[in-house]
Every structure is written in C-alpha cells, then in structure tokens.
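Undergrad: Provided herewith is a single structure, encoded as structure tokens, for subsequent inquiry.
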Amino acid sequence: MRCLLFPGQGVQRKGMGAELFARFPDATAVADEVLGYSIEELCVRDPERRLRDTRYAQPAVFFVNALMGLAAETAHDCYAGHSLGEYNALVAAGVLDLEAGLRLVRRRAELMSEVTGGGMSAVQGVPVAFVRRALIETGLTGVFVANLNADTQTTIAGDRAEVAVAAKAIAALPGARVVPINVSGPFHTPLMAPAEARFREVLAGVEFGPARAPVVSSVTGELFDGPDLLARQLSSPVEWVRAVTTLRAAGVTAFDEVHGTTLSSLVSKIA
C-alpha cells in the first residue's frame with residue numbers, strides 16, 4: 001500500500017507552486033475568488049512578505065499542497081496530513097471539495113492568528129517522556145507538548161515567556177537541542193480553546209462526504225471519523241508518531257510526500 005502525505009504550515013517559501021498555477025487555471029481562479037487576492041502572486045512573488053503571517057501562510061500551503069496532489073501521477077491507497085495538511089488529505093480522499101477546504105482553511109487561519117502571546121520551540125534528540133518530565137519539574141502550567149513528530153523529535157508550545165524558560169530546562173538534558181519556531185500562537189495547546197470554540201461554529205455549516213480512501217487523523221492517529229477532529233486539532237497535540245504507526249499497521253509500505261521531504265524524514269525516524 002502507498003500513502004500520500006501532506007505537510008502543514010512551515011513549508012511555505014517564496015516561489016512555491018510556480019509551475020502549477022498555469023496548469024490548473026480553473027482551481028487558481030476559484031482560489032483568487034475565495035481569498036480575495038491573487039494566490040499565485042502570494043506564493044510566487046510574495047511582494048508584501050505575507051507568507052510569514054499565519055493568515056496567509058495556511059491558505060497558501062493548503063492550495064499549493066492541493067495542486068501538487070492533483071499533479072501526482074502515482075495512485076495512492078490512503079492519505080494523511082500533518083495538522084493543516086490533514087485538510088489536503090480530506091480533499092484528496094473526496095471528503096471535502098477543494099473550494100470548501102480552502103474556505104475552511106482561510107477561516108481557520110484567521111481564528112488561529114487571533115490567539116497571540118504564544119511561542120513554540122522544536123525539541124530534538126530526546127524522547128517525549130523526557131520533555132514531559134522536564135515540563136513537570138519546572139512547574140510551568142502554560143507550556144505543553146504540541147507535536148509528537150518522531151521518536152526523538154517533539155514541539156513545545158504555550159505562553160511565550162514560559163516556553164522560553166522551558167526551553168532552557170530542556171536544553172540542559174543530555175543530547176537535547178531546542179530551536180525556537182517563528183510563530184506567535186500557542187498552536188495545538190489548550191490555550192487555543194477560544195479559537196476551537198469559534199471554529200466549531202464554522203464546521204457546523206460544512207458538508208463532509210464519504211471518503212473514497214482512508215484518511216488517518218493527526219489528532220488521534222486513527223482513521224478520520226468526523227469534523228469534530230478538525231475542531232479538536234487546534235488545541236490538541238499533533239500525534240504524528242501514532243498516525244504513522246497506524247498506517248504501517250494497516251499495510252502501508254511506501255510513503256510519498258508532496259511539497260518537500262519534511263514528513264518523509266520524520267517517518268524515517270519513527271521506529
């Protein structure tokens with residue numbers, strides 16, 4: 001079995017998708033109408049440097065992911081996406097159409113950007129159990145494990161000042177390396193609860209169809225089973241290790257990825 005993977009926010013760069021917009025003019029025109037600006041100009045030239053802004057980065061990554069998925073020549077048996085990339089997996093599986101997915105992502109990005117004062121840091125070189133123990137020992141209540149990306153690669157997020165303190169404590173662990181991530185929101189933590197509540201109202205008005213192929217959720221690491229998971233995604237950690245484990249147990253032996261090799265690299269680091 002082959003699985004197609006879609007990355008999330010963080011892979012954006014000026015010039016992405018340059019060869020695809022002319023190839024898919026109808027989809028590009030729909031994106032321009034939904035977003036109210038030229039998606040090609042944003043992705044290819046980014047004259048106002050908006051790709052660093054969550055409100056623009058998420059729709060841009062989603063749309064380029066989607067075009068790359070349409071351009072993929074290999075047939076796939078199932079799909080998965082990391083956080084934002086899960087919307088692409090749902091579009092590829094027929095659960096959402098491209099326009100509905102883009103409208104959801106646009107609103108998701110807006111709501112997430114409204115939660116400020118947060119920070120995130122990537123932690124490499126130590127298991128998540130060590131990270132959690134360090135957080136407990138520091139006594140910090142506003143920092144959480146946000147992404148479980150690989151066996152020794154996680155992300156912490158929460159209150160900006162507390163994340164800085166936690167990062168110093170974790171960096172003192174043997175083998176640990178901590179790198180700040182340039183975001184302003186405490187993504188995938190309970191601090192995103194206000195955005196989650198408002199996003200639930202958005203999801204209530206969207207029709208989700210049956211999947212043509214299995215999609216594994218990055219919230220539970222199990223099969224996607226409804227839009228509630230997309231709301232929970234905002235304030236729940238990304239369970240990428242569980243997702244990959246589930247896919248392998250289902251018989252996936254080959255992983256393909258659109259838009260880079262970030263997720264493929266993580267897969268290779270999951271036992």
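Residues in the structure tokens are named by chain (A, B, ... in the order shown) and by number from 1 within that chain; ligands are numbered from 1 in the order shown.
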Any idea what's packed within 6 Å of Ala80 in chain A, counting only C-alpha atoms, ignoring anything in its chain fewer than 6 positions away? Could you give it as a list in words?
TA: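 Non-adjacent residues within range: Leu5, Glu86, Ala89, Val215 and Val216 of chain A.
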Undergrad: Go ahead and dump the residues you just picked, C-alpha atoms, as an mmCIF file, in the first residue's frame.
TA:
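In the end it all went to part25.cif:
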data_model
loop_
_atom_site.group_PDB
_atom_site.id
_atom_site.type_symbol
_atom_site.label_atom_id
_atom_site.label_comp_id
_atom_site.auth_asym_id
_atom_site.auth_seq_id
_atom_site.Cartn_x
_atom_site.Cartn_y
_atom_site.Cartn_z
ATOM 1 C CA LEU A 5 1.451 12.702 2.884
ATOM 2 C CA GLU A 86 -4.983 16.958 7.035
ATOM 3 C CA ALA A 89 -5.755 14.603 2.809
ATOM 4 C CA VAL A 215 -7.545 9.200 5.902
ATOM 5 C CA VAL A 216 -5.623 8.922 9.163
#
Undergrad: Pick out the residues sitting within 9 Å of Ala75 in chain A, and hand them over as a list in words; count only C-alpha atoms, and ignore anything fewer than 2 positions along from it in its own chain.
TA: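 Using only C-alpha atoms, the neighbours found are Arg2, Cys3, Leu4, Ala72, Glu73 and Asp77 of chain A.
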Undergrad: Which residue is closest to Ile270 in chain A? Choose from A:Leu173, A:Ala150, A:Val165, A:Val258 and count only C-alpha atoms.
TA: A:Ala150
Undergrad: Looking at A:Leu20, A:Tyr37, A:Cys43, A:Cys78, which one is nearest to Thr253 in chain A, with distances taken over only C-alpha atoms?
TA: A:Cys78
Undergrad: Do you know which residues are at most 8 Å from range 218-227 of chain A counting only C-alpha atoms, after dropping those on the same chain fewer than 5 positions away, and could you put them as a PDB file with all heavy atoms, in the first residue's frame?
TA:
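What landed in around_4.pdb:
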ATOM      1  N   ALA A  80      -2.739  11.059   4.532  1.00  0.00           N
ATOM      2  CA  ALA A  80      -2.573  11.629   5.862  1.00  0.00           C
ATOM      3  C   ALA A  80      -1.912  12.988   5.730  1.00  0.00           C
ATOM      4  O   ALA A  80      -1.179  13.245   4.762  1.00  0.00           O
ATOM      5  CB  ALA A  80      -1.719  10.716   6.763  1.00  0.00           C
ATOM      6  N   GLY A  81      -2.184  13.858   6.682  1.00  0.00           N
ATOM      7  CA  GLY A  81      -1.578  15.180   6.663  1.00  0.00           C
ATOM      8  C   GLY A  81      -1.221  15.626   8.057  1.00  0.00           C
ATOM      9  O   GLY A  81      -1.890  15.265   9.035  1.00  0.00           O
ATOM     10  N   HIS A  82      -0.169  16.410   8.154  1.00  0.00           N
ATOM     11  CA  HIS A  82       0.306  16.920   9.440  1.00  0.00           C
ATOM     12  C   HIS A  82      -0.408  18.234   9.725  1.00  0.00           C
ATOM     13  O   HIS A  82      -0.181  19.226   9.028  1.00  0.00           O
ATOM     14  CB  HIS A  82       1.819  17.121   9.376  1.00  0.00           C
ATOM     15  CG  HIS A  82       2.464  17.434  10.696  1.00  0.00           C
ATOM     16  ND1 HIS A  82       2.367  18.659  11.297  1.00  0.00           N
ATOM     17  CD2 HIS A  82       3.221  16.675  11.528  1.00  0.00           C
ATOM     18  CE1 HIS A  82       3.038  18.648  12.433  1.00  0.00           C
ATOM     19  NE2 HIS A  82       3.567  17.445  12.591  1.00  0.00           N
ATOM     20  N   SER A  83      -1.287  18.241  10.725  1.00  0.00           N
ATOM     21  CA  SER A  83      -2.020  19.447  11.103  1.00  0.00           C
ATOM     22  C   SER A  83      -2.780  20.000   9.904  1.00  0.00           C
ATOM     23  O   SER A  83      -3.697  19.369   9.394  1.00  0.00           O
ATOM     24  CB  SER A  83      -1.057  20.469  11.701  1.00  0.00           C
ATOM     25  OG  SER A  83      -1.733  21.599  12.207  1.00  0.00           O
ATOM     26  N   GLU A  86      -3.862  17.896   6.953  1.00  0.00           N
ATOM     27  CA  GLU A  86      -4.983  16.958   7.035  1.00  0.00           C
ATOM     28  C   GLU A  86      -6.141  17.411   6.145  1.00  0.00           C
ATOM     29  O   GLU A  86      -6.884  16.581   5.617  1.00  0.00           O
ATOM     30  CB  GLU A  86      -5.447  16.819   8.483  1.00  0.00           C
ATOM     31  CG  GLU A  86      -6.412  15.682   8.709  1.00  0.00           C
ATOM     32  CD  GLU A  86      -6.576  15.357  10.189  1.00  0.00           C
ATOM     33  OE1 GLU A  86      -5.574  15.424  10.939  1.00  0.00           O
ATOM     34  OE2 GLU A  86      -7.706  15.050  10.598  1.00  0.00           O
ATOM     35  N   LEU A 203     -17.510  24.856  11.235  1.00  0.00           N
ATOM     36  CA  LEU A 203     -17.598  23.476  10.754  1.00  0.00           C
ATOM     37  C   LEU A 203     -19.038  22.987  10.681  1.00  0.00           C
ATOM     38  O   LEU A 203     -19.370  22.136   9.839  1.00  0.00           O
ATOM     39  CB  LEU A 203     -16.787  22.555  11.672  1.00  0.00           C
ATOM     40  CG  LEU A 203     -15.264  22.697  11.595  1.00  0.00           C
ATOM     41  CD1 LEU A 203     -14.607  21.995  12.777  1.00  0.00           C
ATOM     42  CD2 LEU A 203     -14.733  22.138  10.280  1.00  0.00           C
ATOM     43  N   PHE A 208     -19.602  17.274   4.802  1.00  0.00           N
ATOM     44  CA  PHE A 208     -18.492  16.342   4.644  1.00  0.00           C
ATOM     45  C   PHE A 208     -19.023  15.070   3.985  1.00  0.00           C
ATOM     46  O   PHE A 208     -20.007  14.495   4.440  1.00  0.00           O
ATOM     47  CB  PHE A 208     -17.867  16.002   5.994  1.00  0.00           C
ATOM     48  CG  PHE A 208     -17.110  17.145   6.618  1.00  0.00           C
ATOM     49  CD1 PHE A 208     -17.781  18.203   7.221  1.00  0.00           C
ATOM     50  CD2 PHE A 208     -15.720  17.167   6.596  1.00  0.00           C
ATOM     51  CE1 PHE A 208     -17.090  19.263   7.788  1.00  0.00           C
ATOM     52  CE2 PHE A 208     -15.022  18.216   7.153  1.00  0.00           C
ATOM     53  CZ  PHE A 208     -15.704  19.270   7.749  1.00  0.00           C
ATOM     54  N   ARG A 232     -10.950  19.905  17.235  1.00  0.00           N
ATOM     55  CA  ARG A 232     -10.013  19.500  18.292  1.00  0.00           C
ATOM     56  C   ARG A 232      -8.563  19.726  17.892  1.00  0.00           C
ATOM     57  O   ARG A 232      -7.699  19.953  18.739  1.00  0.00           O
ATOM     58  CB  ARG A 232     -10.234  18.024  18.634  1.00  0.00           C
ATOM     59  CG  ARG A 232     -11.542  17.750  19.381  1.00  0.00           C
ATOM     60  CD  ARG A 232     -11.805  16.254  19.472  1.00  0.00           C
ATOM     61  NE  ARG A 232     -10.666  15.524  20.041  1.00  0.00           N
ATOM     62  CZ  ARG A 232     -10.556  14.197  20.016  1.00  0.00           C
ATOM     63  NH1 ARG A 232     -11.499  13.474  19.424  1.00  0.00           N
ATOM     64  NH2 ARG A 232      -9.514  13.607  20.564  1.00  0.00           N
ATOM     65  N   GLN A 233      -8.315  19.687  16.594  1.00  0.00           N
ATOM     66  CA  GLN A 233      -6.955  19.822  16.093  1.00  0.00           C
ATOM     67  C   GLN A 233      -6.293  21.114  16.557  1.00  0.00           C
ATOM     68  O   GLN A 233      -5.090  21.165  16.790  1.00  0.00           O
ATOM     69  CB  GLN A 233      -6.980  19.767  14.563  1.00  0.00           C
ATOM     70  CG  GLN A 233      -5.627  19.682  13.895  1.00  0.00           C
ATOM     71  CD  GLN A 233      -5.735  19.865  12.402  1.00  0.00           C
ATOM     72  OE1 GLN A 233      -5.888  20.990  11.933  1.00  0.00           O
ATOM     73  NE2 GLN A 233      -5.690  18.772  11.649  1.00  0.00           N
ATOM     74  N   SER A 236      -5.299  20.410  20.351  1.00  0.00           N
ATOM     75  CA  SER A 236      -4.758  19.094  20.695  1.00  0.00           C
ATOM     76  C   SER A 236      -3.397  18.900  20.029  1.00  0.00           C
ATOM     77  O   SER A 236      -3.145  19.444  18.954  1.00  0.00           O
ATOM     78  CB  SER A 236      -5.694  17.977  20.220  1.00  0.00           C
ATOM     79  OG  SER A 236      -6.960  18.079  20.830  1.00  0.00           O
ATOM     80  N   PRO A 237      -2.521  18.121  20.648  1.00  0.00           N
ATOM     81  CA  PRO A 237      -1.206  17.885  20.031  1.00  0.00           C
ATOM     82  C   PRO A 237      -1.320  17.082  18.740  1.00  0.00           C
ATOM     83  O   PRO A 237      -2.246  16.294  18.563  1.00  0.00           O
ATOM     84  CB  PRO A 237      -0.446  17.100  21.110  1.00  0.00           C
ATOM     85  CG  PRO A 237      -1.503  16.483  21.954  1.00  0.00           C
ATOM     86  CD  PRO A 237      -2.655  17.447  21.952  1.00  0.00           C
ATOM     87  N   VAL A 238      -0.376  17.297  17.854  1.00  0.00           N
ATOM     88  CA  VAL A 238      -0.303  16.525  16.613  1.00  0.00           C
ATOM     89  C   VAL A 238       0.334  15.181  16.931  1.00  0.00           C
ATOM     90  O   VAL A 238       1.493  15.105  17.332  1.00  0.00           O
ATOM     91  CB  VAL A 238       0.532  17.262  15.551  1.00  0.00           C
ATOM     92  CG1 VAL A 238       0.667  16.395  14.297  1.00  0.00           C
ATOM     93  CG2 VAL A 238      -0.095  18.601  15.207  1.00  0.00           C
ATOM     94  N   GLU A 239      -0.419  14.116  16.742  1.00  0.00           N
ATOM     95  CA  GLU A 239       0.043  12.755  17.065  1.00  0.00           C
ATOM     96  C   GLU A 239       0.595  12.084  15.805  1.00  0.00           C
ATOM     97  O   GLU A 239       0.072  11.079  15.321  1.00  0.00           O
ATOM     98  CB  GLU A 239      -1.107  11.944  17.658  1.00  0.00           C
ATOM     99  CG  GLU A 239      -1.621  12.456  18.999  1.00  0.00           C
ATOM    100  CD  GLU A 239      -0.725  12.038  20.169  1.00  0.00           C
ATOM    101  OE1 GLU A 239       0.289  11.340  19.920  1.00  0.00           O
ATOM    102  OE2 GLU A 239      -1.040  12.394  21.310  1.00  0.00           O
ATOM    103  N   TRP A 240       1.693  12.624  15.296  1.00  0.00           N
ATOM    104  CA  TRP A 240       2.228  12.104  14.038  1.00  0.00           C
ATOM    105  C   TRP A 240       2.829  10.706  14.204  1.00  0.00           C
ATOM    106  O   TRP A 240       2.715   9.870  13.307  1.00  0.00           O
ATOM    107  CB  TRP A 240       3.261  13.062  13.472  1.00  0.00           C
ATOM    108  CG  TRP A 240       3.636  12.726  12.064  1.00  0.00           C
ATOM    109  CD1 TRP A 240       4.848  12.324  11.603  1.00  0.00           C
ATOM    110  CD2 TRP A 240       2.774  12.745  10.924  1.00  0.00           C
ATOM    111  NE1 TRP A 240       4.807  12.099  10.253  1.00  0.00           N
ATOM    112  CE2 TRP A 240       3.540  12.336   9.802  1.00  0.00           C
ATOM    113  CE3 TRP A 240       1.419  13.062  10.740  1.00  0.00           C
ATOM    114  CZ2 TRP A 240       2.986  12.241   8.526  1.00  0.00           C
ATOM    115  CZ3 TRP A 240       0.874  12.955   9.463  1.00  0.00           C
ATOM    116  CH2 TRP A 240       1.661  12.557   8.386  1.00  0.00           C
ATOM    117  N   VAL A 241       3.454  10.443  15.328  1.00  0.00           N
ATOM    118  CA  VAL A 241       4.017   9.109  15.555  1.00  0.00           C
ATOM    119  C   VAL A 241       2.901   8.068  15.532  1.00  0.00           C
ATOM    120  O   VAL A 241       3.033   7.009  14.895  1.00  0.00           O
ATOM    121  CB  VAL A 241       4.788   9.054  16.890  1.00  0.00           C
ATOM    122  CG1 VAL A 241       5.229   7.625  17.197  1.00  0.00           C
ATOM    123  CG2 VAL A 241       6.001   9.977  16.846  1.00  0.00           C
ATOM    124  N   ARG A 242       1.803   8.352  16.190  1.00  0.00           N
ATOM    125  CA  ARG A 242       0.671   7.412  16.190  1.00  0.00           C
ATOM    126  C   ARG A 242       0.099   7.239  14.784  1.00  0.00           C
ATOM    127  O   ARG A 242      -0.283   6.123  14.395  1.00  0.00           O
ATOM    128  CB  ARG A 242      -0.427   7.912  17.137  1.00  0.00           C
ATOM    129  CG  ARG A 242      -0.083   7.801  18.614  1.00  0.00           C
ATOM    130  CD  ARG A 242      -1.286   8.176  19.460  1.00  0.00           C
ATOM    131  NE  ARG A 242      -1.010   8.084  20.885  1.00  0.00           N
ATOM    132  CZ  ARG A 242      -1.888   8.364  21.843  1.00  0.00           C
ATOM    133  NH1 ARG A 242      -3.107   8.760  21.510  1.00  0.00           N
ATOM    134  NH2 ARG A 242      -1.552   8.252  23.106  1.00  0.00           N
ATOM    135  N   ALA A 243      -0.001   8.336  14.038  1.00  0.00           N
ATOM    136  CA  ALA A 243      -0.549   8.255  12.687  1.00  0.00           C
ATOM    137  C   ALA A 243       0.297   7.339  11.813  1.00  0.00           C
ATOM    138  O   ALA A 243      -0.230   6.481  11.091  1.00  0.00           O
ATOM    139  CB  ALA A 243      -0.636   9.653  12.084  1.00  0.00           C
ATOM    140  N   VAL A 244       1.591   7.507  11.871  1.00  0.00           N
ATOM    141  CA  VAL A 244       2.486   6.677  11.059  1.00  0.00           C
ATOM    142  C   VAL A 244       2.422   5.214  11.505  1.00  0.00           C
ATOM    143  O   VAL A 244       2.403   4.297  10.680  1.00  0.00           O
ATOM    144  CB  VAL A 244       3.927   7.206  11.142  1.00  0.00           C
ATOM    145  CG1 VAL A 244       4.906   6.242  10.478  1.00  0.00           C
ATOM    146  CG2 VAL A 244       4.023   8.579  10.477  1.00  0.00           C
ATOM    147  N   THR A 245       2.353   4.993  12.804  1.00  0.00           N
ATOM    148  CA  THR A 245       2.238   3.627  13.328  1.00  0.00           C
ATOM    149  C   THR A 245       0.970   2.958  12.831  1.00  0.00           C
ATOM    150  O   THR A 245       0.975   1.774  12.443  1.00  0.00           O
ATOM    151  CB  THR A 245       2.262   3.653  14.868  1.00  0.00           C
ATOM    152  OG1 THR A 245       3.490   4.244  15.318  1.00  0.00           O
ATOM    153  CG2 THR A 245       2.143   2.251  15.440  1.00  0.00           C
ATOM    154  N   THR A 246      -0.147   3.714  12.823  1.00  0.00           N
ATOM    155  CA  THR A 246      -1.415   3.189  12.335  1.00  0.00           C
ATOM    156  C   THR A 246      -1.337   2.848  10.849  1.00  0.00           C
ATOM    157  O   THR A 246      -1.827   1.798  10.406  1.00  0.00           O
ATOM    158  CB  THR A 246      -2.543   4.208  12.575  1.00  0.00           C
ATOM    159  OG1 THR A 246      -2.732   4.375  13.980  1.00  0.00           O
ATOM    160  CG2 THR A 246      -3.853   3.767  11.943  1.00  0.00           C
TER     161      THR A 246
END
Undergrad: Would you pick out the contacts of Asn65 in chain A at 9 Å or less, using only C-alpha atoms, so that residues sharing its chain but fewer than 6 positions from it are not included, and give the list as a PDB file with N, CA and C atoms, in the first residue's frame?
TA:
ATOM      1  N   PHE A   6       0.772  14.993   3.295  1.00  0.00           N
ATOM      2  CA  PHE A   6       0.692  16.429   3.050  1.00  0.00           C
ATOM      3  C   PHE A   6       1.221  17.181   4.268  1.00  0.00           C
ATOM      4  N   PRO A   7       2.230  18.028   4.100  1.00  0.00           N
ATOM      5  CA  PRO A   7       2.771  18.787   5.232  1.00  0.00           C
ATOM      6  C   PRO A   7       1.883  19.966   5.594  1.00  0.00           C
ATOM      7  N   GLY A   8       2.182  20.582   6.727  1.00  0.00           N
ATOM      8  CA  GLY A   8       1.412  21.728   7.190  1.00  0.00           C
ATOM      9  C   GLY A   8       2.209  23.010   7.156  1.00  0.00           C
ATOM     10  N   GLY A  17       5.097  26.400  -5.908  1.00  0.00           N
ATOM     11  CA  GLY A  17       3.999  26.142  -6.828  1.00  0.00           C
ATOM     12  C   GLY A  17       4.054  26.911  -8.124  1.00  0.00           C
ATOM     13  N   GLY A  85      -2.116  20.013   6.895  1.00  0.00           N
ATOM     14  CA  GLY A  85      -2.086  19.075   5.785  1.00  0.00           C
ATOM     15  C   GLY A  85      -3.219  18.065   5.798  1.00  0.00           C
ATOM     16  N   ASN A  88      -5.794  18.776   3.235  1.00  0.00           N
ATOM     17  CA  ASN A  88      -5.435  18.274   1.919  1.00  0.00           C
ATOM     18  C   ASN A  88      -5.725  16.790   1.778  1.00  0.00           C
ATOM     19  N   VAL A 258       4.004  15.299  -0.947  1.00  0.00           N
ATOM     20  CA  VAL A 258       4.021  16.498  -1.770  1.00  0.00           C
ATOM     21  C   VAL A 258       4.762  17.594  -1.012  1.00  0.00           C
ATOM     22  N   HIS A 259       5.303  18.539  -1.748  1.00  0.00           N
ATOM     23  CA  HIS A 259       5.813  19.772  -1.138  1.00  0.00           C
ATOM     24  C   HIS A 259       6.989  19.552  -0.190  1.00  0.00           C
TER      25      HIS A 259
END
